[in-house]
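Student: Sharing target21.pdb, PDB, C-alpha atoms, pLDDT in the B column:
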MODEL        1
ATOM      1  CA  ALA O   1     -20.769   1.656 -44.246  1.00 72.00           C
ATOM      2  CA  GLN O   2     -18.705   4.562 -45.375  1.00 77.00           C
ATOM      3  CA  SER O   3     -15.696   4.187 -47.618  1.00 86.00           C
ATOM      4  CA  VAL O   4     -13.124   6.269 -49.426  1.00 90.00           C
ATOM      5  CA  THR O   5     -11.556   5.678 -52.821  1.00 93.00           C
ATOM      6  CA  GLN O   6      -8.357   7.368 -53.852  1.00 94.00           C
ATOM      7  CA  LEU O   7      -7.717   7.155 -57.569  1.00 91.00           C
ATOM      8  CA  GLY O   8      -4.103   6.539 -58.410  1.00 89.00           C
ATOM      9  CA  SER O   9      -1.645   4.992 -56.006  1.00 91.00           C
ATOM     10  CA  HIS O  10       1.095   7.210 -57.472  1.00 95.00           C
ATOM     11  CA  VAL O  11       0.930  10.688 -58.970  1.00 97.00           C
ATOM     12  CA  SER O  12       3.967  12.318 -60.564  1.00 97.00           C
ATOM     13  CA  VAL O  13       4.269  16.043 -61.206  1.00 97.00           C
ATOM     14  CA  SER O  14       7.028  18.457 -62.021  1.00 97.00           C
ATOM     15  CA  GLU O  15       8.031  21.161 -59.589  1.00 97.00           C
ATOM     16  CA  GLY O  16       5.763  24.161 -60.154  1.00 97.00           C
ATOM     17  CA  ALA O  17       2.977  22.125 -61.736  1.00 97.00           C
ATOM     18  CA  LEU O  18      -0.560  21.730 -60.451  1.00 97.00           C
ATOM     19  CA  VAL O  19      -1.133  18.982 -57.929  1.00 97.00           C
ATOM     20  CA  LEU O  20      -4.455  17.118 -58.082  1.00 97.00           C
ATOM     21  CA  LEU O  21      -5.093  14.137 -55.828  1.00 98.00           C
ATOM     22  CA  ARG O  22      -8.491  12.526 -56.182  1.00 97.00           C
ATOM     23  CA  CYS O  23     -10.770  11.270 -53.436  1.00 96.00           C
ATOM     24  CA  ASN O  24     -14.308   9.949 -53.709  1.00 95.00           C
ATOM     25  CA  TYR O  25     -16.391   8.861 -50.769  1.00 92.00           C
ATOM     26  CA  SER O  26     -19.497   6.843 -50.202  1.00 88.00           C
ATOM     27  CA  SER O  27     -21.725   7.626 -47.290  1.00 76.00           C
ATOM     28  CA  SER O  28     -25.383   7.459 -46.399  1.00 70.00           C
ATOM     29  CA  VAL O  29     -25.160  10.594 -44.295  1.00 71.00           C
ATOM     30  CA  PRO O  30     -23.256  13.858 -44.733  1.00 70.00           C
ATOM     31  CA  PRO O  31     -19.685  12.997 -43.899  1.00 81.00           C
ATOM     32  CA  TYR O  32     -16.748  14.711 -42.346  1.00 86.00           C
ATOM     33  CA  LEU O  33     -13.759  14.526 -44.684  1.00 90.00           C
ATOM     34  CA  PHE O  34     -10.067  14.914 -44.061  1.00 91.00           C
ATOM     35  CA  TRP O  35      -6.771  14.942 -45.902  1.00 95.00           C
ATOM     36  CA  TYR O  36      -3.658  13.786 -44.105  1.00 94.00           C
ATOM     37  CA  VAL O  37      -0.048  13.772 -45.270  1.00 95.00           C
ATOM     38  CA  GLN O  38       2.591  11.256 -44.211  1.00 93.00           C
ATOM     39  CA  TYR O  39       6.281  11.913 -44.705  1.00 91.00           C
ATOM     40  CA  PRO O  40       8.691   8.955 -44.573  1.00 85.00           C
ATOM     41  CA  ASN O  41       9.040   7.399 -41.133  1.00 79.00           C
ATOM     42  CA  GLN O  42       6.551   9.785 -39.632  1.00 84.00           C
ATOM     43  CA  GLY O  43       2.943   9.722 -38.513  1.00 87.00           C
ATOM     44  CA  LEU O  44       0.067  11.452 -40.218  1.00 90.00           C
ATOM     45  CA  GLN O  45      -0.306  15.219 -40.221  1.00 91.00           C
ATOM     46  CA  LEU O  46      -3.655  16.892 -40.845  1.00 90.00           C
ATOM     47  CA  LEU O  47      -3.693  19.015 -43.989  1.00 94.00           C
ATOM     48  CA  LEU O  48      -7.321  20.121 -43.928  1.00 92.00           C
ATOM     49  CA  LYS O  49     -10.807  19.035 -42.956  1.00 89.00           C
ATOM     50  CA  TYR O  50     -14.377  19.509 -44.157  1.00 88.00           C
ATOM     51  CA  THR O  51     -17.048  19.647 -41.462  1.00 81.00           C
ATOM     52  CA  SER O  52     -20.109  20.927 -43.363  1.00 76.00           C
ATOM     53  CA  ALA O  53     -19.187  24.597 -43.303  1.00 74.00           C
ATOM     54  CA  ALA O  54     -17.597  26.091 -46.433  1.00 83.00           C
ATOM     55  CA  THR O  55     -17.309  23.645 -49.316  1.00 87.00           C
ATOM     56  CA  LEU O  56     -13.893  25.008 -50.306  1.00 93.00           C
ATOM     57  CA  VAL O  57     -11.478  24.223 -47.548  1.00 93.00           C
ATOM     58  CA  LYS O  58      -8.038  25.749 -47.274  1.00 94.00           C
ATOM     59  CA  GLY O  59      -5.339  23.877 -45.449  1.00 93.00           C
ATOM     60  CA  ILE O  60      -1.702  24.126 -44.599  1.00 92.00           C
ATOM     61  CA  ASN O  61       1.206  24.306 -47.046  1.00 92.00           C
ATOM     62  CA  GLY O  62      -0.941  25.879 -49.775  1.00 95.00           C
ATOM     63  CA  PHE O  63      -3.278  22.908 -50.204  1.00 97.00           C
ATOM     64  CA  GLU O  64      -7.026  23.164 -50.591  1.00 97.00           C
ATOM     65  CA  ALA O  65      -9.910  20.814 -51.280  1.00 96.00           C
ATOM     66  CA  GLU O  66     -13.448  21.249 -52.505  1.00 94.00           C
ATOM     67  CA  PHE O  67     -16.374  19.221 -51.241  1.00 92.00           C
ATOM     68  CA  LYS O  68     -18.733  18.369 -54.097  1.00 92.00           C
ATOM     69  CA  LYS O  69     -21.775  16.510 -52.855  1.00 88.00           C
ATOM     70  CA  SER O  70     -23.163  15.868 -56.337  1.00 89.00           C
ATOM     71  CA  GLU O  71     -19.939  14.135 -57.311  1.00 91.00           C
ATOM     72  CA  THR O  72     -19.243  12.644 -53.843  1.00 91.00           C
ATOM     73  CA  SER O  73     -15.729  13.982 -54.205  1.00 94.00           C
ATOM     74  CA  PHE O  74     -13.183  15.779 -52.070  1.00 95.00           C
ATOM     75  CA  HIS O  75     -10.182  16.274 -54.342  1.00 97.00           C
ATOM     76  CA  LEU O  76      -6.990  17.865 -53.011  1.00 97.00           C
ATOM     77  CA  THR O  77      -5.218  20.517 -55.044  1.00 97.00           C
ATOM     78  CA  LYS O  78      -2.212  22.786 -54.890  1.00 97.00           C
ATOM     79  CA  PRO O  79      -1.481  25.304 -57.643  1.00 97.00           C
ATOM     80  CA  SER O  80       2.280  24.837 -57.682  1.00 97.00           C
ATOM     81  CA  ALA O  81       4.102  21.739 -56.457  1.00 97.00           C
ATOM     82  CA  HIS O  82       7.240  22.002 -54.380  1.00 96.00           C
ATOM     83  CA  MET O  83       9.850  19.316 -53.885  1.00 96.00           C
ATOM     84  CA  SER O  84       8.956  19.216 -50.198  1.00 95.00           C
ATOM     85  CA  ASP O  85       5.409  18.116 -51.110  1.00 96.00           C
ATOM     86  CA  ALA O  86       6.663  14.653 -52.005  1.00 96.00           C
ATOM     87  CA  ALA O  87       4.917  12.369 -49.519  1.00 96.00           C
ATOM     88  CA  GLU O  88       1.966  10.023 -49.175  1.00 95.00           C
ATOM     89  CA  TYR O  89      -1.473  11.565 -48.926  1.00 96.00           C
ATOM     90  CA  PHE O  90      -4.487   9.962 -47.318  1.00 95.00           C
ATOM     91  CA  CYS O  91      -8.106  10.931 -47.657  1.00 94.00           C
ATOM     92  CA  ALA O  92     -10.312   9.910 -44.738  1.00 91.00           C
ATOM     93  CA  VAL O  93     -13.981   9.989 -43.852  1.00 89.00           C
ATOM     94  CA  SER O  94     -15.704  10.059 -40.507  1.00 83.00           C
ATOM     95  CA  MET O  95     -19.374   9.920 -39.734  1.00 72.00           C
ATOM     96  CA  ASN O  96     -21.135  12.150 -37.235  1.00 59.00           C
ATOM     97  CA  THR O  97     -22.263   9.131 -35.302  1.00 54.00           C
ATOM     98  CA  GLY O  98     -21.667   8.172 -31.729  1.00 48.00           C
ATOM     99  CA  PHE O  99     -18.020   7.392 -32.063  1.00 52.00           C
ATOM    100  CA  GLN O 100     -15.068   8.582 -34.017  1.00 64.00           C
ATOM    101  CA  LYS O 101     -13.339   6.229 -36.376  1.00 72.00           C
ATOM    102  CA  LEU O 102     -11.562   7.524 -39.393  1.00 81.00           C
ATOM    103  CA  VAL O 103     -11.870   5.344 -42.472  1.00 86.00           C
ATOM    104  CA  PHE O 104      -8.874   5.912 -44.690  1.00 89.00           C
ATOM    105  CA  GLY O 105      -8.310   5.578 -48.380  1.00 91.00           C
ATOM    106  CA  THR O 106      -5.389   3.505 -49.567  1.00 91.00           C
ATOM    107  CA  GLY O 107      -3.217   6.563 -50.061  1.00 93.00           C
ATOM    108  CA  THR O 108      -1.595   8.323 -53.007  1.00 95.00           C
ATOM    109  CA  ARG O 109       2.135   8.780 -53.196  1.00 95.00           C
ATOM    110  CA  LEU O 110       3.035  12.137 -54.704  1.00 97.00           C
ATOM    111  CA  LEU O 111       6.325  12.262 -56.572  1.00 97.00           C
ATOM    112  CA  VAL O 112       7.753  15.667 -57.485  1.00 97.00           C
ATOM    113  CA  SER O 113      10.503  15.934 -60.043  1.00 96.00           C
ATOM    114  CA  PRO O 114      12.775  18.953 -60.576  1.00 94.00           C
TER     115      PRO O 114
ATOM    116  CA  GLU L   1       2.886  21.416 -26.123  1.00 62.00           C
ATOM    117  CA  ALA L   2       4.106  17.880 -26.690  1.00 73.00           C
ATOM    118  CA  GLY L   3       2.377  15.882 -29.379  1.00 90.00           C
ATOM    119  CA  VAL L   4       1.396  12.243 -29.319  1.00 94.00           C
ATOM    120  CA  THR L   5       4.434  10.187 -28.354  1.00 96.00           C
ATOM    121  CA  GLN L   6       4.930   6.516 -29.094  1.00 97.00           C
ATOM    122  CA  SER L   7       7.552   4.083 -27.894  1.00 97.00           C
ATOM    123  CA  PRO L   8       9.559   2.283 -28.907  1.00 97.00           C
ATOM    124  CA  THR L   9      10.286   3.655 -32.370  1.00 95.00           C
ATOM    125  CA  HIS L  10      11.276   0.222 -33.640  1.00 96.00           C
ATOM    126  CA  LEU L  11      10.596  -3.206 -32.245  1.00 97.00           C
ATOM    127  CA  ILE L  12      11.951  -6.478 -33.578  1.00 97.00           C
ATOM    128  CA  LYS L  13      10.372  -9.738 -32.472  1.00 97.00           C
ATOM    129  CA  THR L  14      10.173 -13.325 -33.629  1.00 97.00           C
ATOM    130  CA  ARG L  15       7.113 -15.372 -34.417  1.00 97.00           C
ATOM    131  CA  GLY L  16       5.162 -16.442 -31.352  1.00 97.00           C
ATOM    132  CA  GLN L  17       6.521 -13.704 -29.102  1.00 97.00           C
ATOM    133  CA  GLN L  18       4.504 -10.942 -27.538  1.00 98.00           C
ATOM    134  CA  ALA L  19       4.880  -7.223 -28.230  1.00 98.00           C
ATOM    135  CA  THR L  20       3.888  -4.196 -26.175  1.00 98.00           C
ATOM    136  CA  LEU L  21       3.580  -0.781 -27.765  1.00 98.00           C
ATOM    137  CA  ARG L  22       3.009   2.398 -25.800  1.00 98.00           C
ATOM    138  CA  CYS L  23       1.320   5.703 -26.529  1.00 98.00           C
ATOM    139  CA  SER L  24       1.063   8.958 -24.613  1.00 97.00           C
ATOM    140  CA  PRO L  25      -1.698  11.275 -25.870  1.00 95.00           C
ATOM    141  CA  ILE L  26      -1.610  15.017 -26.096  1.00 91.00           C
ATOM    142  CA  SER L  27      -2.212  16.574 -22.694  1.00 89.00           C
ATOM    143  CA  GLY L  28      -5.933  16.931 -22.121  1.00 85.00           C
ATOM    144  CA  HIS L  29      -6.922  14.324 -24.692  1.00 88.00           C
ATOM    145  CA  THR L  30      -8.913  11.431 -23.313  1.00 89.00           C
ATOM    146  CA  SER L  31      -9.400   9.284 -26.426  1.00 90.00           C
ATOM    147  CA  VAL L  32      -6.686   7.089 -27.907  1.00 94.00           C
ATOM    148  CA  TYR L  33      -6.941   5.252 -31.196  1.00 93.00           C
ATOM    149  CA  TRP L  34      -4.660   2.575 -32.593  1.00 95.00           C
ATOM    150  CA  TYR L  35      -4.206   1.938 -36.309  1.00 94.00           C
ATOM    151  CA  GLN L  36      -2.170  -0.637 -38.204  1.00 95.00           C
ATOM    152  CA  GLN L  37      -0.432   0.429 -41.389  1.00 92.00           C
ATOM    153  CA  ALA L  38       0.766  -2.687 -43.130  1.00 91.00           C
ATOM    154  CA  LEU L  39       2.459  -2.686 -46.499  1.00 85.00           C
ATOM    155  CA  GLY L  40      -0.137  -2.881 -49.215  1.00 76.00           C
ATOM    156  CA  LEU L  41      -3.084  -2.800 -46.816  1.00 78.00           C
ATOM    157  CA  GLY L  42      -3.319   0.870 -45.948  1.00 81.00           C
ATOM    158  CA  LEU L  43      -4.420   2.156 -42.568  1.00 88.00           C
ATOM    159  CA  GLN L  44      -6.682  -0.162 -40.621  1.00 90.00           C
ATOM    160  CA  PHE L  45      -8.505   0.834 -37.451  1.00 89.00           C
ATOM    161  CA  LEU L  46      -7.554  -1.388 -34.511  1.00 94.00           C
ATOM    162  CA  LEU L  47      -8.871  -0.072 -31.211  1.00 94.00           C
ATOM    163  CA  TRP L  48     -10.451   2.983 -29.594  1.00 92.00           C
ATOM    164  CA  TYR L  49     -10.112   3.765 -25.896  1.00 93.00           C
ATOM    165  CA  ASP L  50     -11.817   6.559 -24.058  1.00 90.00           C
ATOM    166  CA  GLU L  51     -11.879   7.297 -20.332  1.00 90.00           C
ATOM    167  CA  GLY L  52     -10.180   3.991 -19.633  1.00 93.00           C
ATOM    168  CA  GLU L  53     -12.699   1.867 -21.524  1.00 94.00           C
ATOM    169  CA  GLU L  54     -12.452   0.047 -24.841  1.00 94.00           C
ATOM    170  CA  ARG L  55     -15.150   1.694 -26.970  1.00 90.00           C
ATOM    171  CA  ASN L  56     -14.702  -0.084 -30.266  1.00 89.00           C
ATOM    172  CA  ARG L  57     -12.377  -2.418 -32.079  1.00 92.00           C
ATOM    173  CA  GLY L  58     -11.692  -3.121 -35.704  1.00 90.00           C
ATOM    174  CA  ASN L  59     -11.671  -6.438 -37.492  1.00 91.00           C
ATOM    175  CA  PHE L  60      -8.624  -7.919 -35.755  1.00 96.00           C
ATOM    176  CA  PRO L  61      -8.257 -11.167 -33.797  1.00 96.00           C
ATOM    177  CA  PRO L  62      -8.385 -11.185 -29.984  1.00 96.00           C
ATOM    178  CA  ARG L  63      -4.614 -11.509 -29.726  1.00 97.00           C
ATOM    179  CA  PHE L  64      -4.620  -7.772 -30.408  1.00 98.00           C
ATOM    180  CA  SER L  65      -5.585  -6.123 -27.163  1.00 97.00           C
ATOM    181  CA  GLY L  66      -4.796  -3.099 -25.120  1.00 96.00           C
ATOM    182  CA  ARG L  67      -5.689  -0.877 -22.271  1.00 97.00           C
ATOM    183  CA  GLN L  68      -5.847   2.757 -21.268  1.00 97.00           C
ATOM    184  CA  PHE L  69      -4.434   3.954 -17.990  1.00 97.00           C
ATOM    185  CA  PRO L  70      -5.840   6.612 -15.620  1.00 96.00           C
ATOM    186  CA  ASN L  71      -3.466   9.175 -17.120  1.00 94.00           C
ATOM    187  CA  TYR L  72      -4.976   8.323 -20.555  1.00 95.00           C
ATOM    188  CA  SER L  73      -1.807   6.759 -21.901  1.00 97.00           C
ATOM    189  CA  SER L  74      -2.354   3.467 -23.650  1.00 98.00           C
ATOM    190  CA  GLU L  75      -0.697   0.141 -24.403  1.00 98.00           C
ATOM    191  CA  LEU L  76      -1.264  -2.089 -27.375  1.00 98.00           C
ATOM    192  CA  ASN L  77      -0.408  -5.742 -26.829  1.00 98.00           C
ATOM    193  CA  VAL L  78      -0.023  -8.239 -29.612  1.00 98.00           C
ATOM    194  CA  ASN L  79       0.272 -11.874 -28.562  1.00 97.00           C
ATOM    195  CA  ALA L  80       1.469 -14.875 -30.553  1.00 97.00           C
ATOM    196  CA  LEU L  81       3.088 -12.674 -33.163  1.00 98.00           C
ATOM    197  CA  GLU L  82       2.768 -13.694 -36.794  1.00 97.00           C
ATOM    198  CA  LEU L  83       4.788 -12.552 -39.778  1.00 96.00           C
ATOM    199  CA  GLU L  84       1.849 -10.557 -41.134  1.00 95.00           C
ATOM    200  CA  ASP L  85       1.811  -8.439 -37.961  1.00 97.00           C
ATOM    201  CA  SER L  86       4.838  -6.609 -39.326  1.00 97.00           C
ATOM    202  CA  ALA L  87       3.609  -3.055 -39.785  1.00 96.00           C
ATOM    203  CA  LEU L  88       3.749   0.516 -38.602  1.00 95.00           C
ATOM    204  CA  TYR L  89       1.409   0.937 -35.638  1.00 96.00           C
ATOM    205  CA  LEU L  90       0.073   4.443 -35.274  1.00 95.00           C
ATOM    206  CA  CYS L  91      -1.514   5.941 -32.207  1.00 95.00           C
ATOM    207  CA  ALA L  92      -3.787   8.968 -32.358  1.00 93.00           C
ATOM    208  CA  SER L  93      -5.394  11.028 -29.644  1.00 91.00           C
ATOM    209  CA  GLU L  94      -8.465  13.211 -29.631  1.00 84.00           C
ATOM    210  CA  GLY L  95     -10.003  15.736 -27.282  1.00 76.00           C
ATOM    211  CA  ALA L  96     -12.698  15.122 -24.720  1.00 64.00           C
ATOM    212  CA  LEU L  97     -15.624  16.301 -26.880  1.00 56.00           C
ATOM    213  CA  LEU L  98     -16.430  12.933 -28.424  1.00 52.00           C
ATOM    214  CA  TYR L  99     -18.987  14.143 -30.865  1.00 51.00           C
ATOM    215  CA  SER L 100     -17.259  17.246 -32.128  1.00 54.00           C
ATOM    216  CA  ASN L 101     -15.257  15.566 -34.882  1.00 58.00           C
ATOM    217  CA  GLN L 102     -12.024  17.073 -33.682  1.00 67.00           C
ATOM    218  CA  PRO L 103      -9.229  15.846 -35.882  1.00 74.00           C
ATOM    219  CA  GLN L 104      -7.134  13.082 -34.529  1.00 81.00           C
ATOM    220  CA  HIS L 105      -3.494  13.895 -33.811  1.00 87.00           C
ATOM    221  CA  PHE L 106      -1.089  11.121 -34.724  1.00 91.00           C
ATOM    222  CA  GLY L 107       2.187   9.979 -33.275  1.00 94.00           C
ATOM    223  CA  ASP L 108       5.113   8.919 -35.445  1.00 93.00           C
ATOM    224  CA  GLY L 109       4.387   5.249 -34.910  1.00 95.00           C
ATOM    225  CA  THR L 110       6.139   2.106 -33.796  1.00 96.00           C
ATOM    226  CA  ARG L 111       7.537  -0.048 -36.560  1.00 95.00           C
ATOM    227  CA  LEU L 112       7.098  -3.670 -35.557  1.00 97.00           C
ATOM    228  CA  SER L 113       9.143  -6.199 -37.488  1.00 97.00           C
ATOM    229  CA  ILE L 114       8.550  -9.919 -37.088  1.00 97.00           C
ATOM    230  CA  LEU L 115      11.425 -12.185 -38.066  1.00 93.00           C
TER     231      LEU L 115
ENDMDL
END
Translate this structure into structure tokens?
Tutor:
Amino acid sequence: AQSVTQLGSHVSVSEGALVLLRCNYSSSVPPYLFWYVQYPNQGLQLLLKYTSAATLVKGINGFEAEFKKSETSFHLTKPSAHMSDAAEYFCAVSMNTGFQKLVFGTGTRLLVSP
Amino acid sequence: EAGVTQSPTHLIKTRGQQATLRCSPISGHTSVYWYQQALGLGLQFLLWYDEGEERNRGNFPPRFSGRQFPNYSSELNVNALELEDSALYLCASEGALLYSNQPQHFGDGTRLSIL
């Protein structure tokens, strides 16, 4: 069964600093990987997705992630944090099997200080 | 284009009662997924409906059930409510191409509180 591990339940950065949110997956087949963001009292919004095309994926709001098969990782980065980036971020994995069911990590709350 | 809409936004019930949550998918989407987001437990897959049929369910007891209507909207029913059912329930919809790995589009959720 596939699974996702997000290292660090909370990450704190200063405004303008690099954002790095870590995600490692386990899967017996090449996975599809996603990053979602959740703002308070809202649902999940897709940031970016990896579907076996380019390994470096660019998403919305200046975020990007790199798929590294050798490290089974899909870390999310942003060069310069903004106050509006403060939210909870979820990494998710889906298999290319007969049905769609996202398996989510436990989430990382990003805190941005002025 | 309207996104995934869920109602009600908040729902307060007492133990033993029954709750009904509703979800309207994005126009043209035929698959609806339900997830539970409980404090400290992350997002857990509940149910998947497609073309009116239940296709898969997560590791939840039978008192969690639902259905999908001909217009692809969906209801989630939770019977005999327990305190640990307090959570944000998220609905997501997906397009008709089941095997294309189209991202799921989420609603803003229904927050269910059990007193």
Student: I'd like to know which of O:Ala87, O:Leu48, O:Ala65, O:Ala81 is closest to chain L, using all atoms listed in the file.
Tutor: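 Closest candidate: O:Leu48.
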Student: What does the structure give for the distance between CA of Tyr25 (chain O) and CA of Met83 (chain O), in Å to one decimal?
Tutor: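 If I compute the distance from CA of Tyr25 (chain O) to CA of Met83 (chain O), I get 28.4 Å.
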Student: With the file shown as input, list the residues that the PyMOL selection byres ((chain L and resi 36) around 9) selects, as a list in words.
Tutor: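 With the PyMOL selection byres ((chain L and resi 36) around 9) on this model, the match is Trp34, Tyr35, Gln37, Ala38, Leu41, Gly42, Leu43, Gln44, Phe45, Leu46, Asp85, Ala87, Leu88, Tyr89, Leu90 and Cys91 of chain L.
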Student: Would you compute the distance between CA of Cys23 (chain O) and CA of His75 (chain O)? Give it in Å to one decimal.
Tutor: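 Going from CA of Cys23 (chain O) over to CA of His75 (chain O), I get 5.1 Å.
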Student: Find the spatial neighbours of Pro61 (chain L), counting all atoms listed in the file, within a cut-off of 12 Å - ignore same-chain residues fewer than 6 positions away - and output them as a ChimeraX atom specification.
Tutor: /L:46-47,77-82,85
Student: What residues come out when you apply the ChimeraX specification (/O :<9) & /L to this file, written as a ChimeraX atom specification?
Tutor: /L:33,40-45,48,55-56,90-91,98-101,103-109,111
Student: Could you give me, as a CSV table (one decimal) with C-alpha atoms, keeping the file's coordinate frame, the residues that sit within 9 Å of (4.4, 3.1, -25.7) in the file's coordinates, counting all atoms listed in the file?
Tutor:
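In the end it all went to part.csv:
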chain,number,residue,atom,x,y,z
L,5,THR,CA,4.4,10.2,-28.4
L,6,GLN,CA,4.9,6.5,-29.1
L,7,SER,CA,7.6,4.1,-27.9
L,8,PRO,CA,9.6,2.3,-28.9
L,9,THR,CA,10.3,3.7,-32.4
L,20,THR,CA,3.9,-4.2,-26.2
L,21,LEU,CA,3.6,-0.8,-27.8
L,22,ARG,CA,3.0,2.4,-25.8
L,23,CYS,CA,1.3,5.7,-26.5
L,24,SER,CA,1.1,9.0,-24.6
L,73,SER,CA,-1.8,6.8,-21.9
L,74,SER,CA,-2.4,3.5,-23.6
L,75,GLU,CA,-0.7,0.1,-24.4
L,76,LEU,CA,-1.3,-2.1,-27.4
L,110,THR,CA,6.1,2.1,-33.8
Student: Considering only C-alpha atoms, return as a list in words whatever protein or nucleic-acid residues lie within 12 Å of Lys69 (chain O), sequence-local ones (same chain, fewer than 2 positions apart) excluded.
Tutor: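 Counting only C-alpha atoms, the residues come to Asn24, Tyr25, Ser26, Ser27, Ser28, Val29, Pro30, Pro31, Tyr32, Leu33, Tyr50, Ser52, Thr55, Leu56, Glu66, Phe67, Glu71, Thr72, Ser73, Phe74 and His75 of chain O.
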Student: Have a look at CA of Phe64 (chain L) and CA of Ile12 (chain L) and let me know their distance in Å, one decimal.
Tutor: 16.9 Å
Student: Taking the file above as input, evaluate the PyMOL selection byres ((chain L and resi 27) around 9) and report the hits as JSON, numbers by chain.
Tutor: {"L": [1, 2, 3, 4, 24, 25, 26, 28, 29, 30, 72]}
Student: Please output region 58-77 of chain O, rebuilt to include N, CA and C atoms, as a PDB file, keeping the file's coordinate frame.
Tutor:
ATOM      1  N   LYS O  58      -9.458  25.439 -47.121  1.00 94.00           N
ATOM      2  CA  LYS O  58      -8.038  25.749 -47.274  1.00 94.00           C
ATOM      3  C   LYS O  58      -7.276  25.114 -46.120  1.00 94.00           C
ATOM      4  N   GLY O  59      -6.137  24.536 -46.463  1.00 93.00           N
ATOM      5  CA  GLY O  59      -5.339  23.877 -45.449  1.00 93.00           C
ATOM      6  C   GLY O  59      -3.945  24.455 -45.352  1.00 93.00           C
ATOM      7  N   ILE O  60      -3.077  23.671 -44.763  1.00 92.00           N
ATOM      8  CA  ILE O  60      -1.702  24.126 -44.599  1.00 92.00           C
ATOM      9  C   ILE O  60      -0.896  23.869 -45.860  1.00 92.00           C
ATOM     10  N   ASN O  61       0.244  24.520 -45.950  1.00 92.00           N
ATOM     11  CA  ASN O  61       1.206  24.306 -47.046  1.00 92.00           C
ATOM     12  C   ASN O  61       0.629  24.603 -48.429  1.00 92.00           C
ATOM     13  N   GLY O  62      -0.389  25.473 -48.490  1.00 95.00           N
ATOM     14  CA  GLY O  62      -0.941  25.879 -49.775  1.00 95.00           C
ATOM     15  C   GLY O  62      -1.931  24.914 -50.394  1.00 95.00           C
ATOM     16  N   PHE O  63      -2.313  23.877 -49.692  1.00 97.00           N
ATOM     17  CA  PHE O  63      -3.278  22.908 -50.204  1.00 97.00           C
ATOM     18  C   PHE O  63      -4.716  23.355 -49.943  1.00 97.00           C
ATOM     19  N   GLU O  64      -5.608  22.948 -50.804  1.00 97.00           N
ATOM     20  CA  GLU O  64      -7.026  23.164 -50.591  1.00 97.00           C
ATOM     21  C   GLU O  64      -7.806  22.014 -51.205  1.00 97.00           C
ATOM     22  N   ALA O  65      -9.053  21.877 -50.761  1.00 96.00           N
ATOM     23  CA  ALA O  65      -9.910  20.814 -51.280  1.00 96.00           C
ATOM     24  C   ALA O  65     -11.335  21.342 -51.358  1.00 96.00           C
ATOM     25  N   GLU O  66     -12.068  20.825 -52.318  1.00 94.00           N
ATOM     26  CA  GLU O  66     -13.448  21.249 -52.505  1.00 94.00           C
ATOM     27  C   GLU O  66     -14.383  20.073 -52.334  1.00 94.00           C
ATOM     28  N   PHE O  67     -15.356  20.243 -51.458  1.00 92.00           N
ATOM     29  CA  PHE O  67     -16.374  19.221 -51.241  1.00 92.00           C
ATOM     30  C   PHE O  67     -17.462  19.394 -52.293  1.00 92.00           C
ATOM     31  N   LYS O  68     -17.675  18.352 -53.081  1.00 92.00           N
ATOM     32  CA  LYS O  68     -18.733  18.369 -54.097  1.00 92.00           C
ATOM     33  C   LYS O  68     -19.680  17.214 -53.823  1.00 92.00           C
ATOM     34  N   LYS O  69     -20.818  17.548 -53.242  1.00 88.00           N
ATOM     35  CA  LYS O  69     -21.775  16.510 -52.855  1.00 88.00           C
ATOM     36  C   LYS O  69     -22.313  15.769 -54.072  1.00 88.00           C
ATOM     37  N   SER O  70     -22.580  16.498 -55.147  1.00 89.00           N
ATOM     38  CA  SER O  70     -23.163  15.868 -56.337  1.00 89.00           C
ATOM     39  C   SER O  70     -22.219  14.852 -56.955  1.00 89.00           C
ATOM     40  N   GLU O  71     -20.930  15.052 -56.764  1.00 91.00           N
ATOM     41  CA  GLU O  71     -19.939  14.135 -57.311  1.00 91.00           C
ATOM     42  C   GLU O  71     -19.347  13.216 -56.234  1.00 91.00           C
ATOM     43  N   THR O  72     -19.792  13.364 -55.019  1.00 91.00           N
ATOM     44  CA  THR O  72     -19.243  12.644 -53.843  1.00 91.00           C
ATOM     45  C   THR O  72     -17.716  12.657 -53.892  1.00 91.00           C
ATOM     46  N   SER O  73     -17.179  13.864 -54.084  1.00 94.00           N
ATOM     47  CA  SER O  73     -15.729  13.982 -54.205  1.00 94.00           C
ATOM     48  C   SER O  73     -15.182  15.002 -53.219  1.00 94.00           C
ATOM     49  N   PHE O  74     -13.897  14.854 -52.955  1.00 95.00           N
ATOM     50  CA  PHE O  74     -13.183  15.779 -52.070  1.00 95.00           C
ATOM     51  C   PHE O  74     -11.729  15.788 -52.536  1.00 95.00           C
ATOM     52  N   HIS O  75     -11.512  16.289 -53.738  1.00 97.00           N
ATOM     53  CA  HIS O  75     -10.182  16.274 -54.342  1.00 97.00           C
ATOM     54  C   HIS O  75      -9.266  17.328 -53.718  1.00 97.00           C
ATOM     55  N   LEU O  76      -8.014  16.983 -53.603  1.00 97.00           N
ATOM     56  CA  LEU O  76      -6.990  17.865 -53.011  1.00 97.00           C
ATOM     57  C   LEU O  76      -6.184  18.517 -54.126  1.00 97.00           C
ATOM     58  N   THR O  77      -5.979  19.816 -54.017  1.00 97.00           N
ATOM     59  CA  THR O  77      -5.218  20.517 -55.044  1.00 97.00           C
ATOM     60  C   THR O  77      -4.207  21.473 -54.423  1.00 97.00           C
TER      61      THR O  77
END
